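Q: Starting off with a structure, shown below.
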Amino acid sequence: MLTIKAIDVTLGRKKILINFSLQLLDGEFIYITGQNGGGKSTLLKVINGEIKTHKGQIAIDEIPLNVNFLPSLVKHRRKIGYIHQDFRLIDDWTVFENIAYPLLAKGENLSFIKAKILNIATQLKITDQLNHFPFEISGGEKQRAAIARAVIKGARIILADEPTGNLDPQNSYEIAKFLCSISKKNRVCVLFVTHDIELIKKIPKKAINLGEINND
């Protein structure tokens, strides 16, 4: 489904990823671990087409990513949901409006959007927060809203960049568990960047340590 073949990434004078390859199948959930500066966030940005590779290839469903051709890049990103550690919610939009944005951009009708949002908000336990603004809700609720926004458009791949980095253990566990369930139920690929070893122990899945790979 997602194929990364022998990519090299250099930022400035530093080589971040060296001859890195990965095959991610439908419904697969993989933790990405490693030290700070080891390339975890860079890998997600490369998959999303934000950072160019110096060699190698990235493809979804055998369709190569072409960052130099805008229509190709737009189609590629439609298949991806991105979850940031710092939420990236729009402050003067309600939680409902933030979650709705990907569907509004696709031109979906309001009744369809309301039904979709109610369903996912119920799963993430944020129905009571839908009419609030981001500054009125907790960090855990903000992250749940950000996850809802990433998942609601029907993405084939979820890129989660330390989504539990600022959260308490219980919220971290519930969010990771939700993403695992989405991965299994909807056959969504999930790349989950984390430093949380205890979380990996609680929800064991395949883990890739970028530091170990790049030091081989």
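Starting from 1 in every chain, residues are counted up; chains themselves are A, B, ... following the order of the structure tokens, and ligands are numbered from 1 as listed.
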Within 10 Å of Thr42 in chain A, counting only C-alpha atoms, which residues show up once you throw out same-chain ones fewer than 6 positions away? Write them as a compact mmCIF listing (two decimals) with C-alpha atoms, in the first residue's frame, please.
A:
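The resulting file, result-v9.txt, is shown below:
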# COMPACT_ATOMS: atom_id res chain seq x y z
CA VAL A 9 17.18 12.77 2.94
CA THR A 10 19.69 15.50 3.78
CA LEU A 11 18.75 18.69 5.62
CA ILE A 16 18.74 12.40 8.22
CA LEU A 17 17.63 9.25 6.40
CA ASN A 48 3.41 13.84 3.03
CA GLU A 50 6.67 18.36 2.38
CA ILE A 51 10.36 17.42 2.11
CA ASP A 161 3.69 12.83 14.90
Q: For range 59-66 of chain A, find every residue with an atom within 6 Å (counting only C-alpha atoms), except residues of its own chain fewer than 5 positions away, and show them as a PyMOL selection string.
A: chain A and resi 1-3
Q: Enumerate the residues of range 179-212 of chain A with a DSSP assignment of helix (DSSP H, G or I), computed from the backbone, and present them as a ChimeraX atom specification.
A: /A:179-186,197-202,210-212
Q: At a cut-off of 8 Å, can you tabulate as CSV every residue of range 131-166 of chain A near range 192-203 of chain A together with its closest atom pair and the distance in Å to one decimal, using only C-alpha atoms and ordering rows by chain then number?
A:
residue,atom,partner,partner_atom,distance
A:Leu159,CA,A:Phe192,CA,6.5
A:Ala160,CA,A:Phe192,CA,4.8
A:Asp161,CA,A:Val193,CA,5.1
A:Glu162,CA,A:Val193,CA,4.9
A:Pro163,CA,A:Val193,CA,7.6
A:Thr164,CA,A:Thr194,CA,7.6
A:Gly165,CA,A:Thr194,CA,7.2
Q: Considering only C-alpha atoms, tabulate each residue of range 12-90 of chain A that lies at most 12 Å from range 141-144 of chain A along with its nearest interatomic pair and the corresponding distance in Å to one decimal; arrange the rows by chain and ascending residue number and present them as a tab-separated table.
A:
residue	atom	partner	partner_atom	distance
A:Tyr82	CA	A:Gln143	CA	11.8
A:Ile83	CA	A:Gln143	CA	8.3
A:His84	CA	A:Gln143	CA	8.4
A:Gln85	CA	A:Gln143	CA	7.8
A:Asp86	CA	A:Gln143	CA	8.1
A:Phe87	CA	A:Gln143	CA	5.7
A:Arg88	CA	A:Lys142	CA	9.1
A:Leu89	CA	A:Lys142	CA	7.7
A:Ile90	CA	A:Lys142	CA	10.7
Q: If you run DSSP on this backbone, which residues of range 29-199 of chain A come out as strand (DSSP E), and could you give them as a PyMOL selection string?
A: chain A and resi 29-33+55-60+63-64+80-83+157-161+189-193
Q: Show which residues sit within 12 Å of Asp128 in chain A, as a compact mmCIF listing (two decimals) with N, CA, C and O atoms, in the first residue's frame. Count only C-alpha atoms, and ignore same-chain residues fewer than 6 positions away.
A:
# COMPACT_ATOMS: atom_id res chain seq x y z
N THR A 94 -14.91 26.73 15.86
CA THR A 94 -15.31 25.76 16.88
C THR A 94 -14.67 24.40 16.58
O THR A 94 -14.14 24.16 15.49
N VAL A 95 -14.76 23.51 17.56
CA VAL A 95 -14.26 22.15 17.35
C VAL A 95 -14.98 21.51 16.18
O VAL A 95 -14.36 20.86 15.33
N PHE A 96 -16.29 21.71 16.10
CA PHE A 96 -17.07 21.17 14.97
C PHE A 96 -16.51 21.68 13.64
O PHE A 96 -16.30 20.91 12.70
N LEU A 118 -20.69 13.60 14.31
CA LEU A 118 -21.31 13.05 15.51
C LEU A 118 -20.81 11.64 15.79
O LEU A 118 -20.53 11.27 16.94
N ALA A 121 -17.06 11.91 16.87
CA ALA A 121 -16.97 12.61 18.16
C ALA A 121 -17.44 11.71 19.30
O ALA A 121 -16.89 11.77 20.41
N THR A 122 -18.43 10.89 19.02
CA THR A 122 -18.90 9.93 20.02
C THR A 122 -17.81 8.92 20.35
O THR A 122 -17.56 8.62 21.53
N GLU A 136 -11.05 26.77 24.83
CA GLU A 136 -11.97 26.45 25.92
C GLU A 136 -11.91 24.99 26.36
O GLU A 136 -12.61 24.61 27.30
N ILE A 137 -11.07 24.19 25.69
CA ILE A 137 -11.03 22.76 26.00
C ILE A 137 -9.62 22.34 26.41
O ILE A 137 -8.65 23.09 26.22
N GLU A 141 -8.53 16.94 24.88
CA GLU A 141 -9.69 17.16 24.00
C GLU A 141 -9.25 17.79 22.69
O GLU A 141 -9.80 17.46 21.62
N ALA A 145 -9.79 16.18 18.96
CA ALA A 145 -10.37 16.93 17.84
C ALA A 145 -9.45 16.87 16.62
O ALA A 145 -9.91 16.71 15.48
Q: Quick one: residues within 9 Å of Asn186 in chain A, only C-alpha atoms, excluding same-chain residues fewer than 5 positions away - as a list in words?
A: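 The residues that qualify are Asp26, Gly27, Gly154, Arg156 and Ser181 of chain A.
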